[in-house]
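Shown next: target_22.cif, given as mmCIF, C-alpha atoms.
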```
data_start
loop_
_atom_site.label_atom_id
_atom_site.label_comp_id
_atom_site.auth_asym_id
_atom_site.auth_seq_id
_atom_site.Cartn_x
_atom_site.Cartn_y
_atom_site.Cartn_z
CA MET A 1 26.57 6.16 -7.87
CA PRO A 2 25.70 4.51 -4.55
CA THR A 3 23.31 1.57 -4.66
CA ALA A 4 20.26 1.78 -2.38
CA VAL A 5 19.54 -1.48 -0.55
CA ILE A 6 16.84 -2.76 1.77
CA VAL A 7 18.37 -4.12 4.97
CA ASP A 8 15.08 -5.04 6.64
CA ALA A 9 11.35 -4.46 6.34
CA VAL A 10 8.54 -5.12 8.82
CA ARG A 11 4.85 -4.47 9.15
CA SER A 12 2.24 -4.51 11.86
CA PRO A 13 -0.69 -6.90 11.93
CA LEU A 14 -3.62 -5.41 10.02
CA GLY A 15 -6.85 -4.55 11.82
CA ARG A 16 -10.28 -3.75 10.46
CA GLY A 17 -10.69 0.00 10.16
CA LYS A 18 -13.83 0.39 12.21
CA PRO A 19 -14.12 2.45 15.42
CA ALA A 20 -15.73 1.29 18.63
CA LYS A 21 -19.27 2.66 18.51
CA ASP A 22 -22.52 2.33 20.44
CA GLY A 23 -20.98 -0.19 22.79
CA LYS A 24 -19.73 -2.35 19.92
CA PRO A 25 -16.01 -3.14 19.68
CA GLY A 26 -13.93 -1.58 16.93
CA GLY A 27 -11.18 -3.20 14.91
CA VAL A 28 -8.45 -4.94 16.86
CA LEU A 29 -6.07 -1.95 16.50
CA SER A 30 -8.68 0.80 16.93
CA SER A 31 -7.64 1.60 20.50
CA LEU A 32 -4.09 2.42 19.42
CA HIS A 33 -3.05 5.96 18.48
CA PRO A 34 -1.44 5.96 14.99
CA ALA A 35 1.83 7.38 16.35
CA GLU A 36 1.97 4.52 18.84
CA LEU A 37 1.16 1.97 16.12
CA LEU A 38 3.92 3.15 13.80
CA GLY A 39 6.30 3.79 16.68
CA GLN A 40 6.14 0.17 17.81
CA VAL A 41 6.88 -1.00 14.27
CA MET A 42 9.82 1.42 13.95
CA ARG A 43 11.32 0.35 17.25
CA GLN A 44 11.21 -3.31 16.31
CA LEU A 45 12.74 -2.57 12.91
CA ILE A 46 15.69 -0.92 14.66
CA GLU A 47 15.96 -3.72 17.24
CA ARG A 48 15.90 -6.46 14.58
CA THR A 49 18.83 -4.93 12.71
CA GLY A 50 20.83 -3.89 15.77
CA ILE A 51 21.65 -0.56 14.13
CA ASP A 52 22.40 2.46 16.30
CA PRO A 53 19.32 4.62 15.58
CA VAL A 54 21.32 7.84 15.90
CA LEU A 55 22.90 6.95 12.54
CA VAL A 56 19.57 7.33 10.70
CA ASP A 57 19.66 10.48 8.57
CA ASP A 58 15.91 10.86 8.02
CA VAL A 59 12.55 9.18 8.57
CA ILE A 60 10.17 9.52 5.59
CA THR A 61 6.59 8.56 6.39
CA GLY A 62 3.63 8.14 4.07
CA CYS A 63 0.19 9.05 5.42
CA VAL A 64 -2.95 10.03 3.51
CA SER A 65 -5.30 11.65 6.04
CA GLN A 66 -2.84 14.03 7.70
CA VAL A 67 -5.36 15.51 10.13
CA GLY A 68 -6.27 15.00 13.78
CA GLU A 69 -4.12 12.30 15.34
CA GLN A 70 -2.25 11.90 12.05
CA SER A 71 -1.56 15.61 11.58
CA GLY A 72 1.88 17.14 11.45
CA PRO A 73 4.86 14.91 10.72
CA VAL A 74 3.29 11.71 12.07
CA GLY A 75 6.58 9.88 11.54
CA ARG A 76 8.31 12.31 13.93
CA TRP A 77 5.82 11.59 16.69
CA ALA A 78 6.04 7.86 16.02
CA TRP A 79 9.85 7.94 16.19
CA LEU A 80 9.77 9.83 19.49
CA ALA A 81 6.98 7.60 20.83
CA ALA A 82 9.32 4.67 20.21
CA GLY A 83 11.93 6.26 22.46
CA LEU A 84 14.30 6.81 19.54
CA PRO A 85 16.83 9.70 19.30
CA GLU A 86 15.53 13.25 19.11
CA SER A 87 18.34 14.13 16.69
CA VAL A 88 16.70 12.18 13.84
CA PRO A 89 14.25 14.29 11.76
CA SER A 90 11.19 13.18 9.83
CA VAL A 91 8.95 14.33 7.01
CA ALA A 92 5.44 13.29 5.96
CA VAL A 93 4.65 12.34 2.36
CA HIS A 94 1.30 12.38 0.57
CA ARG A 95 0.95 10.70 -2.78
CA ALA A 96 -2.48 9.33 -2.00
CA CYS A 97 -2.53 5.52 -1.68
CA GLY A 98 1.07 5.31 -2.85
CA SER A 99 2.37 7.55 -0.08
CA SER A 100 4.66 5.05 1.62
CA GLN A 101 5.78 3.55 -1.69
CA GLN A 102 6.83 7.09 -2.53
CA ALA A 103 8.55 7.26 0.87
CA VAL A 104 10.59 4.20 -0.15
CA GLU A 105 11.48 5.83 -3.45
CA PHE A 106 12.41 9.15 -1.83
CA ALA A 107 14.60 7.26 0.64
CA ALA A 108 16.33 5.37 -2.18
CA GLN A 109 16.76 8.55 -4.20
CA GLY A 110 18.39 10.28 -1.23
CA VAL A 111 20.84 7.40 -0.85
CA ILE A 112 21.61 7.22 -4.58
CA ALA A 113 22.17 10.99 -4.68
CA GLY A 114 24.59 10.74 -1.77
CA VAL A 115 22.48 13.03 0.41
CA HIS A 116 21.72 10.28 2.94
CA ASP A 117 23.46 7.11 4.05
CA ILE A 118 20.63 5.59 6.09
CA VAL A 119 16.89 6.27 5.92
CA VAL A 120 13.78 4.72 7.44
CA ALA A 121 10.89 4.72 4.95
CA SER A 122 7.54 4.05 6.57
CA GLY A 123 3.80 4.49 6.41
CA VAL A 124 0.76 4.43 8.65
CA GLU A 125 -3.00 4.85 8.53
CA SER A 126 -5.52 4.36 11.31
CA MET A 127 -8.77 4.33 9.39
CA SER A 128 -10.76 3.46 12.50
CA ARG A 129 -9.62 6.69 14.17
CA ILE A 130 -9.22 8.98 11.15
CA PRO A 131 -11.95 8.17 8.61
CA MET A 132 -11.09 8.14 4.92
CA GLY A 133 -11.59 11.62 3.46
CA ALA A 134 -11.36 13.33 6.85
CA ALA A 135 -8.78 15.78 5.49
CA ARG A 136 -11.24 17.25 2.99
CA ILE A 137 -14.59 17.19 4.79
CA GLY A 138 -16.45 20.33 3.74
CA MET A 139 -13.59 21.31 1.45
CA ASP A 140 -13.09 21.54 -2.33
CA PRO A 141 -9.61 20.19 -3.10
CA PHE A 142 -10.00 20.61 -6.88
CA GLY A 143 -10.79 24.26 -7.54
CA PRO A 144 -12.88 25.73 -10.39
CA SER A 145 -10.44 25.07 -13.24
CA VAL A 146 -10.20 21.33 -12.57
CA ALA A 147 -13.99 21.18 -12.15
CA GLU A 148 -14.40 22.87 -15.53
CA ARG A 149 -11.79 20.71 -17.26
CA TYR A 150 -13.40 17.47 -16.07
CA ALA A 151 -17.05 18.55 -16.13
CA PRO A 152 -19.51 17.23 -15.16
CA GLY A 153 -17.06 16.26 -12.44
CA LEU A 154 -14.63 13.71 -11.08
CA VAL A 155 -16.10 10.49 -9.74
CA PRO A 156 -15.56 8.21 -6.73
CA GLN A 157 -12.86 5.59 -7.16
CA GLY A 158 -15.47 2.84 -7.16
CA VAL A 159 -17.03 4.35 -10.29
CA SER A 160 -13.55 4.43 -11.85
CA ALA A 161 -13.29 0.73 -11.04
CA GLU A 162 -16.62 0.16 -12.80
CA ILE A 163 -15.33 2.00 -15.88
CA ILE A 164 -12.19 -0.16 -15.95
CA ALA A 165 -14.18 -3.39 -15.51
CA HIS A 166 -16.37 -2.34 -18.46
CA GLU A 167 -13.49 -1.28 -20.71
CA TYR A 168 -11.48 -4.45 -20.08
CA GLY A 169 -14.46 -6.77 -20.28
CA LEU A 170 -14.02 -8.07 -16.75
CA SER A 171 -17.04 -10.08 -15.65
CA ARG A 172 -18.54 -10.00 -12.17
CA ALA A 173 -17.72 -13.70 -11.89
CA ARG A 174 -14.04 -13.07 -12.61
CA LEU A 175 -13.86 -10.18 -10.15
CA ASP A 176 -15.43 -12.28 -7.41
CA ALA A 177 -13.24 -15.30 -8.16
CA PHE A 178 -10.13 -13.12 -7.91
CA SER A 179 -11.39 -11.66 -4.64
CA ALA A 180 -12.12 -15.06 -3.10
CA SER A 181 -8.64 -16.17 -4.15
CA SER A 182 -7.14 -13.13 -2.39
CA HIS A 183 -8.60 -14.34 0.91
CA GLU A 184 -7.55 -17.94 0.23
CA LEU A 185 -3.95 -16.91 -0.52
CA ALA A 186 -3.74 -14.60 2.49
CA VAL A 187 -5.00 -17.31 4.84
CA ALA A 188 -2.57 -19.88 3.39
CA SER A 189 0.51 -17.62 3.52
CA ASP A 190 2.92 -17.49 6.44
CA ALA A 191 3.39 -13.80 7.28
CA SER A 192 5.41 -14.39 10.44
CA ALA A 193 8.70 -13.27 8.89
CA GLU A 194 7.30 -9.91 7.80
CA MET A 195 5.09 -9.12 10.80
CA VAL A 196 5.95 -7.73 14.22
CA SER A 197 3.59 -7.78 17.17
CA VAL A 198 1.76 -4.72 18.47
CA THR A 199 0.80 -4.09 22.10
CA LEU A 200 -2.49 -2.30 22.81
CA PRO A 201 -3.04 0.18 25.67
CA ASP A 202 -4.71 -2.55 27.76
CA GLY A 203 -1.68 -4.82 27.37
CA THR A 204 -3.18 -7.11 24.72
CA VAL A 205 -0.54 -8.27 22.24
CA VAL A 206 -1.75 -8.51 18.63
CA THR A 207 0.21 -11.00 16.53
CA ALA A 208 -2.03 -11.78 13.54
CA ASP A 209 -4.03 -10.03 10.85
CA GLU A 210 -7.69 -9.54 11.66
CA THR A 211 -8.73 -8.90 8.06
CA PRO A 212 -8.64 -12.14 5.99
CA ARG A 213 -11.87 -14.12 6.04
CA PRO A 214 -11.28 -17.87 5.62
CA SER A 215 -14.96 -18.48 4.96
CA THR A 216 -15.04 -16.28 1.83
CA THR A 217 -16.42 -18.05 -1.23
CA VAL A 218 -17.24 -17.03 -4.77
CA GLU A 219 -20.86 -17.94 -4.09
CA GLY A 220 -21.00 -15.70 -1.04
CA LEU A 221 -19.41 -12.78 -2.89
CA ALA A 222 -21.85 -13.21 -5.79
CA GLY A 223 -24.73 -12.41 -3.44
CA LEU A 224 -23.41 -8.99 -2.40
CA PRO A 225 -25.07 -5.87 -3.83
CA THR A 226 -23.23 -3.39 -6.00
CA VAL A 227 -22.27 -0.14 -4.30
CA PHE A 228 -21.85 2.55 -6.96
CA SER A 229 -24.77 1.95 -9.37
CA THR A 230 -26.71 5.06 -8.39
CA ASP A 231 -29.17 6.78 -10.69
CA GLU A 232 -26.69 9.63 -11.18
CA HIS A 233 -23.82 7.35 -12.14
CA ARG A 234 -25.92 5.15 -14.42
CA ALA A 235 -27.17 8.23 -16.25
CA ARG A 236 -23.64 9.53 -16.74
CA PHE A 237 -22.20 6.19 -17.90
CA PRO A 238 -25.02 4.51 -19.85
CA GLU A 239 -22.49 2.33 -21.67
CA ILE A 240 -22.00 0.32 -18.45
CA ALA A 241 -24.78 -2.21 -18.75
CA GLU A 242 -23.80 -4.27 -15.72
CA TRP A 243 -22.40 -2.70 -12.54
CA LYS A 244 -20.10 -5.05 -10.64
CA ILE A 245 -18.22 -3.41 -7.76
CA THR A 246 -19.24 -4.61 -4.30
CA ALA A 247 -17.78 -4.49 -0.82
CA GLY A 248 -16.48 -8.00 -1.48
CA ASN A 249 -14.35 -7.18 -4.52
CA SER A 250 -13.00 -3.93 -3.03
CA SER A 251 -10.20 -3.37 -0.52
CA GLN A 252 -11.02 -3.22 3.17
CA LEU A 253 -10.77 -0.14 5.40
CA THR A 254 -7.81 -1.01 7.59
CA ASP A 255 -5.45 0.09 10.36
CA GLY A 256 -1.79 -0.72 9.81
CA ALA A 257 1.81 0.44 9.60
CA ALA A 258 5.09 -0.68 8.03
CA ALA A 259 8.72 0.44 8.10
CA ILE A 260 11.74 -0.30 5.90
CA LEU A 261 15.43 0.34 6.58
CA ILE A 262 17.19 1.60 3.45
CA MET A 263 20.86 2.52 3.15
CA SER A 264 23.76 2.54 0.73
CA GLU A 265 25.35 -0.82 0.00
CA GLU A 266 28.67 0.60 1.15
CA ARG A 267 27.25 1.73 4.49
CA ALA A 268 25.66 -1.67 5.04
CA ALA A 269 29.04 -3.32 4.51
CA GLN A 270 30.70 -0.91 6.95
CA LEU A 271 28.10 -1.79 9.60
CA GLY A 272 28.34 -5.52 8.97
CA LEU A 273 24.74 -5.71 7.77
CA THR A 274 23.54 -8.06 5.03
CA PRO A 275 21.15 -6.37 2.56
CA ARG A 276 18.09 -8.34 1.53
CA ALA A 277 17.40 -6.53 -1.77
CA ARG A 278 18.47 -3.58 -3.86
CA ILE A 279 16.20 -0.90 -5.30
CA HIS A 280 16.55 -1.60 -9.00
CA THR A 281 14.20 0.83 -10.80
CA MET A 282 11.67 3.52 -9.86
CA ALA A 283 9.00 5.30 -11.88
CA VAL A 284 5.92 7.45 -11.43
CA ALA A 285 3.17 8.23 -13.94
CA GLY A 286 -0.13 10.01 -14.32
CA ASP A 287 -3.27 9.07 -16.26
CA ASP A 288 -6.86 10.19 -16.77
CA PRO A 289 -8.24 11.21 -13.34
CA ILE A 290 -11.74 9.99 -14.18
CA ARG A 291 -10.62 6.46 -15.10
CA MET A 292 -8.16 7.18 -12.27
CA LEU A 293 -7.07 3.64 -11.38
CA THR A 294 -5.24 2.85 -14.64
CA GLY A 295 -2.06 4.67 -13.57
CA PRO A 296 -0.21 1.42 -12.75
CA ILE A 297 -0.13 0.57 -16.46
CA PRO A 298 1.94 3.57 -17.68
CA ALA A 299 3.99 3.52 -14.47
CA THR A 300 4.88 -0.14 -15.08
CA GLU A 301 5.67 0.57 -18.72
CA LYS A 302 8.11 3.28 -17.60
CA ALA A 303 9.73 1.03 -15.01
CA LEU A 304 10.16 -1.87 -17.44
CA LYS A 305 11.65 0.40 -20.09
CA ARG A 306 14.12 1.92 -17.63
CA SER A 307 15.07 -1.45 -16.18
CA GLY A 308 15.54 -3.25 -19.47
CA LEU A 309 13.46 -6.11 -18.09
CA ALA A 310 10.49 -7.84 -19.70
CA ILE A 311 7.36 -8.56 -17.71
CA ASP A 312 8.03 -12.31 -17.74
CA GLU A 313 11.44 -11.73 -16.13
CA ILE A 314 9.68 -10.44 -13.00
CA ASP A 315 9.09 -13.21 -10.47
CA HIS A 316 6.60 -11.47 -8.16
CA TYR A 317 4.04 -8.75 -8.92
CA GLU A 318 2.37 -6.69 -6.20
CA VAL A 319 -0.44 -4.64 -7.76
CA ASN A 320 -2.53 -3.09 -5.02
CA GLU A 321 -6.04 -4.50 -4.87
CA ALA A 322 -7.86 -1.23 -4.33
CA PHE A 323 -10.61 -2.87 -6.39
CA ALA A 324 -10.40 -6.20 -8.21
CA PRO A 325 -10.46 -4.62 -11.71
CA VAL A 326 -7.16 -2.82 -11.04
CA PRO A 327 -4.79 -5.83 -10.86
CA LEU A 328 -6.83 -7.80 -13.39
CA ALA A 329 -6.78 -5.01 -16.00
CA TRP A 330 -3.05 -4.60 -15.33
CA ALA A 331 -2.44 -8.33 -15.80
CA ASP A 332 -4.49 -8.44 -19.01
CA HIS A 333 -2.66 -5.41 -20.42
CA PHE A 334 0.77 -6.93 -19.88
CA GLY A 335 -0.13 -10.56 -20.43
CA ALA A 336 1.28 -11.18 -16.96
CA ASP A 337 1.30 -14.58 -15.31
CA GLU A 338 -1.51 -14.35 -12.75
CA SER A 339 0.13 -16.97 -10.54
CA ARG A 340 2.80 -14.33 -9.79
CA LEU A 341 0.21 -11.63 -9.08
CA ASN A 342 -0.26 -10.88 -5.36
CA PRO A 343 0.58 -14.51 -4.53
CA ARG A 344 0.31 -13.95 -0.76
CA GLY A 345 -3.07 -12.25 -1.00
CA GLY A 346 -3.77 -8.56 -1.48
CA ALA A 347 -5.73 -5.64 -0.09
CA ILE A 348 -9.11 -7.28 -0.75
CA ALA A 349 -8.20 -9.82 1.93
CA LEU A 350 -5.50 -8.12 3.97
CA GLY A 351 -6.85 -4.58 3.78
CA HIS A 352 -5.62 -1.23 2.52
CA PRO A 353 -4.36 1.09 5.27
CA LEU A 354 -3.89 3.88 2.69
CA GLY A 355 -0.63 5.61 3.68
CA GLY A 356 0.75 2.38 5.11
CA SER A 357 0.02 0.18 2.10
CA GLY A 358 3.05 1.00 -0.07
CA ALA A 359 5.53 -0.07 2.59
CA ARG A 360 3.33 -3.05 3.50
CA LEU A 361 3.29 -4.30 -0.10
CA MET A 362 7.06 -3.84 -0.36
CA THR A 363 7.56 -5.84 2.85
CA THR A 364 5.29 -8.64 1.60
CA MET A 365 6.97 -8.72 -1.81
CA LEU A 366 10.46 -8.91 -0.31
CA ASN A 367 9.46 -11.87 1.86
CA GLY A 368 7.68 -13.50 -1.07
CA LEU A 369 10.81 -13.32 -3.22
CA GLU A 370 12.90 -14.83 -0.43
CA ALA A 371 10.39 -17.62 0.15
CA THR A 372 10.36 -18.65 -3.52
CA GLY A 373 13.93 -17.81 -4.51
CA GLY A 374 12.71 -15.24 -7.02
CA ARG A 375 15.06 -12.50 -8.23
CA TYR A 376 12.93 -9.53 -9.31
CA GLY A 377 9.77 -8.07 -7.83
CA LEU A 378 7.62 -5.26 -9.23
CA GLN A 379 5.23 -3.25 -7.08
CA THR A 380 2.72 -0.71 -8.37
CA MET A 381 -0.23 1.11 -6.84
CA CYS A 382 -3.09 3.15 -8.24
CA GLU A 383 -3.45 6.55 -6.60
CA ALA A 384 -6.15 9.22 -6.45
CA GLY A 385 -6.01 11.69 -9.30
CA GLY A 386 -4.91 9.05 -11.79
CA MET A 387 -1.33 8.64 -10.53
CA ALA A 388 0.81 5.58 -9.79
CA ASN A 389 4.23 4.52 -8.59
CA ALA A 390 6.12 1.47 -9.86
CA THR A 391 9.19 0.06 -8.12
CA ILE A 392 11.34 -2.92 -9.09
CA ILE A 393 13.53 -4.56 -6.47
CA GLU A 394 16.17 -7.24 -6.92
CA ARG A 395 16.62 -9.84 -4.21
CA ILE A 396 20.23 -10.23 -3.07
#
```

Let me see the file written as structure tokens.
Amino acid sequence: MPTAVIVDAVRSPLGRGKPAKDGKPGGVLSSLHPAELLGQVMRQLIERTGIDPVLVDDVITGCVSQVGEQSGPVGRWAWLAAGLPESVPSVAVHRACGSSQQAVEFAAQGVIAGVHDIVVASGVESMSRIPMGAARIGMDPFGPSVAERYAPGLVPQGVSAEIIAHEYGLSRARLDAFSASSHELAVASDASAEMVSVTLPDGTVVTADETPRPSTTVEGLAGLPTVFSTDEHRARFPEIAEWKITAGNSSQLTDGAAAILIMSEERAAQLGLTPRARIHTMAVAGDDPIRMLTGPIPATEKALKRSGLAIDEIDHYEVNEAFAPVPLAWADHFGADESRLNPRGGAIALGHPLGGSGARLMTTMLNGLEATGGRYGLQTMCEAGGMANATIIERI
């Protein structure tokens, strides 16, 4: 079978996902339409590799809130906004927060199956322009049977994070220490190799992430109030004596995009391109939709079993920091070396642009492996509904 390889991967700077409002400025990328944001990233991916874009068989784009300016096949509009060939099609993917990780896996699967030779896998989310949950405002996405099965009802992800923190015995101090470390690592890391610049409508060129906060300390985080300890939630989960999830140990609302060029190893050789990594193993899994954020554990177990690798053979772990309990519970479950866990900072510091995060994490992990000389990287993300993807790559 063909081997799917990553030839290049890039991401935009990350901006705070807040709109301009009441005369106050929004996040640094809030003035940029999501199709323009992703389009600029796509164009620079193509320019960096020198590939003729007409050779691309498909563009697979992850996006969560596929409404408004992100409706329709947002990847198609981004590709055309970049001035790239009309002959190249695109499709939008929704697997909640793992949407663009799934785009990477679909791209690799198409190459391995021999259906495609060259694919761009990408993702985008402009949370300043399309608020989280905008696709289901006033709607019931679950239906009566799901409501009955999980009565008295599904819960917000933050409550799921509280459940996980309780079940794994994760203290508030540990959550806040991990979160402060995320900012410290992000600030200390050199992201220049993975990031491309973005030009705003007024001509401003954005070259750096807006999201990490160098001044973050454990002491400062300890003073933040919890967010999900409402009377309703405390009554439903009386076993949780201490509620711990705050804005400081949760991921940030963020604008961002990323794009990855995937092709068969044979096609790369024909084009004179040097692959950076191969897609080694892929897995998806589901778990309890009330605990919701534990999906990365069974997904990782599947990926490790299929790969034949042990957790300590993996040099770099990217476990999305939707909330601090997610990567910490994952690490405790597997006995993973925490020094390999999100070593360039995670979504608590960098932000979580939903549909763009999977491709962003993959881009960061690839560059992290190259910087350290590591061989294997494993990426996994919790997803709404209790799902998760896990992908192992091997640096070439």

- Can you pull out every residue within 8 Å of Pro214 of chain A, counting only C-alpha atoms, but drop anything in the same chain fewer than 4 positions away, and send it as a ChimeraX atom specification? /A:183-184,187

Selected residues, C-alpha atoms, written as a PDB file, keeping the file's coordinate frame, please.
```
ATOM      1  CA  HIS A 183      -8.600 -14.340   0.910  1.00  0.00           C
ATOM      2  CA  GLU A 184      -7.550 -17.940   0.230  1.00  0.00           C
ATOM      3  CA  VAL A 187      -5.000 -17.310   4.840  1.00  0.00           C
TER       4      VAL A 187
END
```

- Task: Can you give me, as a list of chain:residue names, the residues this file yields under the PyMOL selection byres ((chain A and resi 200) around 12)?
- Result: A:Pro13, A:Gly27, A:Val28, A:Leu29, A:Ser30, A:Ser31, A:Leu32, A:His33, A:Pro34, A:Glu36, A:Leu37, A:Gln40, A:Ser197, A:Val198, A:Thr199, A:Pro201, A:Asp202, A:Gly203, A:Thr204, A:Val205, A:Val206, A:Thr207

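Compared by their closest atoms to Ala388 of chain A, and using only C-alpha atoms, the residues A:Arg16, A:His352, A:Arg95, A:His116 rank with A:Arg95 nearest.
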
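Closest to Val146 of chain A among A:Gly385, A:Ala177, A:Ser160, A:Ala208 is A:Gly385, based on all atoms listed in the file.
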
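Of the listed residues A:Ala222, A:Val124, A:Ile396, A:Ala299, the one whose atoms come nearest to Ser357 of chain A is A:Val124, with distances taken using only C-alpha atoms.
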
- Message: List as number ranges by chain the protein and nucleic acid residues near Ala259 of chain A, meaning an atom at most 9 Å away when only C-alpha atoms are counted, but skip any in the same chain fewer than 2 places from it.
- Response: A: 8-12, 38, 41-42, 45, 61, 100, 120-124, 257, 261, 356, 359-360, 363

Same residues, C-alpha atoms, saved as a compact mmCIF listing (two decimals), in the frame of the given file:
```
# COMPACT_ATOMS: atom_id res chain seq x y z
CA ASP A 8 15.08 -5.04 6.64
CA ALA A 9 11.35 -4.46 6.34
CA VAL A 10 8.54 -5.12 8.82
CA ARG A 11 4.85 -4.47 9.15
CA SER A 12 2.24 -4.51 11.86
CA LEU A 38 3.92 3.15 13.80
CA VAL A 41 6.88 -1.00 14.27
CA MET A 42 9.82 1.42 13.95
CA LEU A 45 12.74 -2.57 12.91
CA THR A 61 6.59 8.56 6.39
CA SER A 100 4.66 5.05 1.62
CA VAL A 120 13.78 4.72 7.44
CA ALA A 121 10.89 4.72 4.95
CA SER A 122 7.54 4.05 6.57
CA GLY A 123 3.80 4.49 6.41
CA VAL A 124 0.76 4.43 8.65
CA ALA A 257 1.81 0.44 9.60
CA LEU A 261 15.43 0.34 6.58
CA GLY A 356 0.75 2.38 5.11
CA ALA A 359 5.53 -0.07 2.59
CA ARG A 360 3.33 -3.05 3.50
CA THR A 363 7.56 -5.84 2.85
```

- Distance query Thr274 of chain A at most 10 Å, all atoms listed in the file, self and fewer than 6 positions along chain excluded, as a PyMOL selection string: chain A and resi 5-8+49+265+268+396

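Residues selected in this file by the PyMOL selection byres ((chain A and resi 366-371) around 8) comprise A:Ala193, A:Glu194, A:Arg276, A:Ala277, A:Asp315, A:His316, A:Pro343, A:Arg344, A:Met362, A:Thr363, A:Thr364, A:Met365, A:Thr372, A:Gly373, A:Gly374, A:Arg375, A:Tyr376, A:Gly377, A:Arg395.
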
- Out of A:Leu253, A:Ile130, A:Met1, A:Ile51, which residue has the shortest atom-to-atom distance to Leu273 of chain A when counting only C-alpha atoms? A:Ile51

- Item | Å distance separating atom CA of Pro19 of chain A from atom CA of Gly68 of chain A, one decimal place | 14.9 Å

- Find, counting all atoms listed in the file, the residue in A:Val218, A:Cys63, A:Val227, A:Ala173 that gets nearest to Met127 of chain A. A:Cys63

- Message: Applying the PyMOL selection byres ((chain A and resi 76) around 12) to the file I just gave you, which residues come out? Please list them as a PyMOL selection string.
- Response: chain A and resi 34-36+38-39+42+58-62+70-75+77-92+120+122-123

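In this comparison, which uses all atoms listed in the file, the residue of A:Val155, A:Ile164, A:Val326, A:Ala349 approaching His233 of chain A most closely is A:Val155.
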
- Message: List as a ChimeraX atom specification the protein and nucleic acid residues near Leu175 of chain A, meaning an atom at most 9 Å away when all atoms listed in the file are counted, but skip any in the same chain fewer than 2 places from it.
- Response: /A:165,170-173,177-180,244-245,249,323-325,328

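When atom CA of Arg174 of chain A is paired with atom CA of Gly286 of chain A, their separation reads 27.0 Å.
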
- Item | Cut-off 10 Å around (-1.0, 0.5, -19.3) with all atoms listed in the file: residues as JSON, numbers by chain | {"A": [287, 294, 295, 296, 297, 298, 299, 300, 301, 302, 329, 330, 331, 332, 333, 334]}

Those selected residues, please, written with C-alpha atoms and delivered as a PDB file, in the coordinates of the input.
```pdb
ATOM      1  CA  ASP A 287      -3.270   9.070 -16.260  1.00  0.00           C
ATOM      2  CA  THR A 294      -5.240   2.850 -14.640  1.00  0.00           C
ATOM      3  CA  GLY A 295      -2.060   4.670 -13.570  1.00  0.00           C
ATOM      4  CA  PRO A 296      -0.210   1.420 -12.750  1.00  0.00           C
ATOM      5  CA  ILE A 297      -0.130   0.570 -16.460  1.00  0.00           C
ATOM      6  CA  PRO A 298       1.940   3.570 -17.680  1.00  0.00           C
ATOM      7  CA  ALA A 299       3.990   3.520 -14.470  1.00  0.00           C
ATOM      8  CA  THR A 300       4.880  -0.140 -15.080  1.00  0.00           C
ATOM      9  CA  GLU A 301       5.670   0.570 -18.720  1.00  0.00           C
ATOM     10  CA  LYS A 302       8.110   3.280 -17.600  1.00  0.00           C
ATOM     11  CA  ALA A 329      -6.780  -5.010 -16.000  1.00  0.00           C
ATOM     12  CA  TRP A 330      -3.050  -4.600 -15.330  1.00  0.00           C
ATOM     13  CA  ALA A 331      -2.440  -8.330 -15.800  1.00  0.00           C
ATOM     14  CA  ASP A 332      -4.490  -8.440 -19.010  1.00  0.00           C
ATOM     15  CA  HIS A 333      -2.660  -5.410 -20.420  1.00  0.00           C
ATOM     16  CA  PHE A 334       0.770  -6.930 -19.880  1.00  0.00           C
TER      17      PHE A 334
END
```

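Atom CA of Gly223 of chain A is found 24.6 Å from atom CA of Asn342 of chain A.
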
- Message: Give me, as a PyMOL selection string, all polymer residues having an atom no more than 6 Å from Pro353 of chain A, counting all atoms listed in the file and skipping those fewer than 5 positions away in the same chain.
- Response: chain A and resi 125+254-256

Mind writing the picked residues with C-alpha atoms as a PDB file, in the coordinates of the input?
```pdb
ATOM      1  CA  GLU A 125      -3.000   4.850   8.530  1.00  0.00           C
ATOM      2  CA  THR A 254      -7.810  -1.010   7.590  1.00  0.00           C
ATOM      3  CA  ASP A 255      -5.450   0.090  10.360  1.00  0.00           C
ATOM      4  CA  GLY A 256      -1.790  -0.720   9.810  1.00  0.00           C
TER       5      GLY A 256
END
```
